[in-house]
Amino acid sequence: MIAVPSIIIFGIDLVKFAVDLGNAYMLFLAVSLSLNLEAGYTGIPNFGKVMFMAGGAAISAAVSGLLAVMILGVNVHGNYNAYIVTVINQVNASLAKNPVLSVELILLGTILAAAIGGFLGFLVSYPAIRLREDYLGMLLLASAQFFQIFLGAYYPLIGGTQGISVPDFFRWAGNGIGVRDVTILGFLTVFAIFVYVYSERVARSPIGRTLRAVRDNETATRALGKNDVAIRRNVIIIASAISGMAGALLTFQVASIGPGTWDRITWTFYIWVMVIIGGSGNNFGVATGALWFSFLSSGITQVQNALPSDLPIDVNWIRYLIFGALLLWILAFRPGGILPEKSSPTLARRTLSRALEEKPG
């Protein structure tokens, strides 16, 4: 059986730590970049990111799981949610022998999550784009909370508050120690790179300048003939689709789903912390902020596990204290973030250099 090698230093498996860090970072990177597209470039204060992740993931997990049992011929007696827990081992054993089907279901589920996330973004965009920034933020936050309550109350979708098991579409990677996690890291890395490249292309294009204009002065943008309402709506739809895809990949990673799979602190407020720390309106800055956050979060987890249980404070609150203090320090002394926003060249540096070197006449 193939296994990922272990390198133990001070009781910490560095290889496992790096893989877990990479998986967390890639998901954080994709979602934080989508928020940067909304808040950093367009000025949309989306405090409801968790809704689009949960919506896309819930539908994709339910549909992908149902398709898996249908294609594999596993009998769930017409009630997938009730019987999946009794046949999940059979389903996973069959998927382990069929990597092509597993990858196809992963891709299908991810595409479906993008469609559902984009559709939810389309729905909330109509009331959202007519509100001021403060009311817009509150509306999106309330919408996300309502949607999570709905997921917990509506049993037919993901089993209500109990949740359901999701077939392990990565079981074909093998049962070796860490091999499945490394395989997932490969998928998440491709996804995160795609989101980063797309975000950078948008930022460096004329569309990026238009987004900044909408953010800074809507009145001037309208005077120049730009439809700021359509622009904000399209940005919400695209960012929501990216969030839905991230939610689906997270669900396939943990192979289960429930209302608590996505919590508002991690997938909304922590995402905002990454954007603020890294530098709003700067994709590379956001990527840096997400990396620092992921590293600190993983490191804090290791420290918490090593601390004695008889401390005078609850070690579970250390994470919140550290990130709260870091956020306050950034806002007080470096409000632009680690890498503040700067103008993005619309041409390659080589092309710009060549144009500057050319002499007239």
# chains A, B, ... in the order shown; residues from 1 in each chain; ligands from 1
>>> closest_atom_pairs(of="range 16-49 of chain A", to="range 218-240 of chain A", cutoff="8 Å", atoms="only C-alpha atoms", output="Markdown table")
| residue | atom | partner | partner_atom | distance |
| --- | --- | --- | --- | --- |
| A:Ser34 | CA | A:Ala239 | CA | 4.7 |
| A:Leu35 | CA | A:Ala239 | CA | 6.8 |
| A:Leu37 | CA | A:Ala239 | CA | 6.9 |
| A:Glu38 | CA | A:Val235 | CA | 6.3 |
| A:Thr42 | CA | A:Arg232 | CA | 7.0 |
| A:Ile44 | CA | A:Arg232 | CA | 7.6 |
| A:Lys49 | CA | A:Ser240 | CA | 7.5 |
>>> closest_atom_pairs(of="range 35-92 of chain A", to="range 109-128 of chain A", cutoff="8 Å", atoms="only C-alpha atoms", output="Markdown table")
| residue | atom | partner | partner_atom | distance |
| --- | --- | --- | --- | --- |
| A:Phe52 | CA | A:Gly117 | CA | 5.0 |
| A:Met53 | CA | A:Gly117 | CA | 7.0 |
| A:Gly55 | CA | A:Gly117 | CA | 6.3 |
| A:Gly56 | CA | A:Ala113 | CA | 3.9 |
| A:Ala57 | CA | A:Ala113 | CA | 5.7 |
| A:Ile59 | CA | A:Ala113 | CA | 6.8 |
| A:Ser60 | CA | A:Gly109 | CA | 4.6 |
| A:Ala61 | CA | A:Gly109 | CA | 6.7 |
| A:Val63 | CA | A:Gly109 | CA | 7.5 |
| A:Ser64 | CA | A:Gly109 | CA | 5.8 |
>>> closest_atom_pairs(of="range 198-278 of chain A", to="range 282-294 of chain A", cutoff="9 Å", atoms="only C-alpha atoms", output="JSON lines")
{"residue": "A:Ser199", "atom": "CA", "partner": "A:Asn283", "partner_atom": "CA", "distance": 7.1}
{"residue": "A:Glu200", "atom": "CA", "partner": "A:Asn283", "partner_atom": "CA", "distance": 6.7}
{"residue": "A:Ala203", "atom": "CA", "partner": "A:Asn283", "partner_atom": "CA", "distance": 8.3}
{"residue": "A:Tyr270", "atom": "CA", "partner": "A:Phe293", "partner_atom": "CA", "distance": 8.6}
{"residue": "A:Ile271", "atom": "CA", "partner": "A:Ala290", "partner_atom": "CA", "distance": 8.0}
{"residue": "A:Val273", "atom": "CA", "partner": "A:Gly289", "partner_atom": "CA", "distance": 8.2}
{"residue": "A:Met274", "atom": "CA", "partner": "A:Gly289", "partner_atom": "CA", "distance": 4.9}
{"residue": "A:Val275", "atom": "CA", "partner": "A:Val286", "partner_atom": "CA", "distance": 5.1}
{"residue": "A:Ile276", "atom": "CA", "partner": "A:Gly289", "partner_atom": "CA", "distance": 7.8}
{"residue": "A:Ile277", "atom": "CA", "partner": "A:Gly289", "partner_atom": "CA", "distance": 5.3}
{"residue": "A:Gly278", "atom": "CA", "partner": "A:Gly289", "partner_atom": "CA", "distance": 3.7}
>>> closest_atom_pairs(of="range 239-351 of chain A", to="range 183-197 of chain A", cutoff="8 Å", atoms="only C-alpha atoms", output="CSV")
residue,atom,partner,partner_atom,distance
A:Ile242,CA,A:Val195,CA,7.7
A:Leu249,CA,A:Leu188,CA,7.5
A:Gln253,CA,A:Ile184,CA,6.9
A:Asn283,CA,A:Tyr196,CA,7.4
>>> write_last_selection(atoms="N, CA and C atoms", output="short mmCIF file (atom, residue, chain, number, x, y, z; two decimals), in the first residue's frame")
data_model
loop_
_atom_site.label_atom_id
_atom_site.label_comp_id
_atom_site.auth_asym_id
_atom_site.auth_seq_id
_atom_site.Cartn_x
_atom_site.Cartn_y
_atom_site.Cartn_z
N ILE A 242 -18.18 30.81 -8.09
CA ILE A 242 -16.88 30.35 -7.58
C ILE A 242 -17.04 29.80 -6.16
N LEU A 249 -16.36 21.19 -3.58
CA LEU A 249 -15.08 20.51 -3.40
C LEU A 249 -14.80 20.23 -1.93
N GLN A 253 -14.43 16.55 -0.23
CA GLN A 253 -13.25 16.25 0.57
C GLN A 253 -13.61 15.57 1.88
N ASN A 283 -5.09 41.10 -5.90
CA ASN A 283 -5.22 39.64 -5.88
C ASN A 283 -4.02 38.96 -5.24
#
>>> closest_residue(among="A:Leu250, A:Val85, A:Val179, A:Ala68", to="Ala54 in chain A", atoms="only C-alpha atoms")
A:Leu250
>>> atom_distance(atom1="CA of Gly159 in chain A", atom2="CA of Asn75 in chain A")
18.0 Å
>>> select_by_dssp(residues="range 52-198 of chain A", states="helix (DSSP H, G or I)", output="PyMOL selection string")
chain A and resi 52-72+80-96+99-128+133-153+155-158+160-162+171-173+179-198
>>> write_last_selection(atoms="C-alpha atoms", output="compact mmCIF listing (two decimals), in the first residue's frame")
# COMPACT_ATOMS: atom_id res chain seq x y z
CA PHE A 52 -23.48 30.41 -1.86
CA MET A 53 -21.01 27.77 -0.70
CA ALA A 54 -23.74 25.88 1.14
CA GLY A 55 -26.27 26.18 -1.66
CA GLY A 56 -23.96 24.97 -4.40
CA ALA A 57 -22.55 22.17 -2.26
CA ALA A 58 -25.90 20.93 -0.95
CA ILE A 59 -27.43 20.50 -4.39
CA SER A 60 -24.29 19.05 -5.98
CA ALA A 61 -23.74 16.57 -3.13
CA ALA A 62 -27.36 15.37 -3.20
CA VAL A 63 -27.46 15.01 -7.00
CA SER A 64 -23.98 13.46 -7.33
CA GLY A 65 -24.68 10.97 -4.56
CA LEU A 66 -28.03 9.97 -6.04
CA LEU A 67 -26.48 9.56 -9.48
CA ALA A 68 -23.71 7.41 -8.00
CA VAL A 69 -26.11 4.92 -6.42
CA MET A 70 -28.26 4.83 -9.57
CA ILE A 71 -25.31 4.20 -11.91
CA LEU A 72 -23.78 1.61 -9.59
CA TYR A 80 -31.50 8.15 -0.60
CA ASN A 81 -31.23 10.19 2.60
CA ALA A 82 -32.55 7.39 4.82
CA TYR A 83 -30.60 4.45 3.34
CA ILE A 84 -27.32 5.96 2.16
CA VAL A 85 -25.69 5.38 5.56
CA THR A 86 -26.39 1.65 5.31
CA VAL A 87 -24.95 1.28 1.79
CA ILE A 88 -22.18 3.91 1.85
CA ASN A 89 -19.41 1.30 2.25
CA GLN A 90 -20.75 -0.63 -0.74
CA VAL A 91 -20.89 2.54 -2.83
CA ASN A 92 -17.37 3.58 -1.85
CA ALA A 93 -16.00 0.11 -2.63
CA SER A 94 -17.50 0.31 -6.12
CA LEU A 95 -16.20 3.84 -6.68
CA ALA A 96 -12.70 2.73 -5.65
CA PRO A 99 -11.90 6.19 -11.07
CA VAL A 100 -13.34 7.46 -14.37
CA LEU A 101 -16.88 7.52 -12.98
CA SER A 102 -15.64 9.13 -9.75
CA VAL A 103 -13.85 11.96 -11.56
CA GLU A 104 -16.85 12.49 -13.84
CA LEU A 105 -19.13 12.84 -10.81
CA ILE A 106 -16.67 15.26 -9.18
CA LEU A 107 -16.64 17.43 -12.31
CA LEU A 108 -20.42 17.20 -12.72
CA GLY A 109 -20.99 18.10 -9.09
CA THR A 110 -18.60 21.04 -9.29
CA ILE A 111 -20.23 22.40 -12.44
CA LEU A 112 -23.68 21.97 -10.90
CA ALA A 113 -22.50 23.80 -7.77
CA ALA A 114 -21.30 26.68 -9.94
CA ALA A 115 -24.71 26.86 -11.60
CA ILE A 116 -26.58 26.78 -8.28
CA GLY A 117 -24.23 29.31 -6.69
CA GLY A 118 -24.60 31.62 -9.67
CA PHE A 119 -28.39 31.24 -9.59
CA LEU A 120 -28.50 32.16 -5.89
CA GLY A 121 -26.29 35.14 -6.67
CA PHE A 122 -28.71 36.14 -9.42
CA LEU A 123 -31.65 35.95 -7.01
CA VAL A 124 -30.06 38.04 -4.25
CA SER A 125 -28.65 40.56 -6.73
CA TYR A 126 -32.04 42.10 -7.47
CA PRO A 127 -32.74 43.46 -4.00
CA ALA A 128 -29.04 43.80 -3.19
CA GLU A 133 -23.58 49.36 1.26
CA ASP A 134 -24.58 49.03 4.93
CA TYR A 135 -28.07 47.69 4.19
CA LEU A 136 -26.66 45.48 1.45
CA GLY A 137 -24.24 43.86 3.88
CA MET A 138 -27.02 43.22 6.40
CA LEU A 139 -29.31 41.75 3.73
CA LEU A 140 -26.69 39.28 2.53
CA LEU A 141 -25.80 38.32 6.10
CA ALA A 142 -29.45 37.71 6.98
CA SER A 143 -30.01 35.77 3.75
CA ALA A 144 -27.11 33.45 4.57
CA GLN A 145 -28.45 32.82 8.06
CA PHE A 146 -31.93 32.10 6.71
CA PHE A 147 -30.56 29.67 4.14
CA GLN A 148 -28.63 27.71 6.77
CA ILE A 149 -31.78 27.46 8.89
CA PHE A 150 -33.63 26.22 5.81
CA LEU A 151 -31.03 23.51 5.20
CA GLY A 152 -31.42 22.29 8.76
CA ALA A 153 -35.21 22.33 8.61
CA TYR A 155 -35.04 17.06 5.45
CA PRO A 156 -35.37 15.93 1.78
CA LEU A 157 -32.33 17.94 0.64
CA ILE A 158 -29.45 16.96 2.93
CA GLY A 160 -32.00 18.14 7.90
CA THR A 161 -29.97 18.72 11.04
CA GLN A 162 -28.50 15.19 10.93
CA ARG A 171 -11.60 6.59 -2.81
CA TRP A 172 -9.94 5.47 -6.07
CA ALA A 173 -6.79 7.32 -4.96
CA VAL A 179 -2.52 9.56 -0.43
CA ARG A 180 -6.17 10.64 -0.64
CA ASP A 181 -5.33 14.04 0.87
CA VAL A 182 -2.52 14.58 -1.65
CA THR A 183 -4.90 13.71 -4.50
CA ILE A 184 -7.45 16.19 -3.20
CA LEU A 185 -4.69 18.79 -2.93
CA GLY A 186 -4.02 18.33 -6.64
CA PHE A 187 -7.67 18.99 -7.53
CA LEU A 188 -7.91 22.00 -5.22
CA THR A 189 -4.66 23.46 -6.55
CA VAL A 190 -5.90 23.34 -10.14
CA PHE A 191 -9.15 24.99 -9.05
CA ALA A 192 -7.41 27.74 -7.05
CA ILE A 193 -4.96 28.50 -9.87
CA PHE A 194 -7.86 28.79 -12.31
CA VAL A 195 -9.64 31.26 -10.00
CA TYR A 196 -6.46 33.30 -9.47
CA VAL A 197 -5.66 33.51 -13.18
CA TYR A 198 -9.24 34.51 -13.96
>>> closest_residue(among="A:Ala248, A:Phe333, A:Ile300, A:Leu21", to="Val315 in chain A", atoms="only C-alpha atoms")
A:Ile300
>>> select_by_dssp(residues="range 161-323 of chain A", states="strand (DSSP E)", output="list in words")
Ile164, Ser165, Ser256 and Ile257 of chain A
>>> closest_residue(among="A:Ile318, A:Asn98, A:Gly247, A:Ile9", to="Leu27 in chain A", atoms="only C-alpha atoms")
A:Gly247
>>> atom_distance(atom1="CA of Ile338 in chain A", atom2="CA of Gly279 in chain A")
5.8 Å
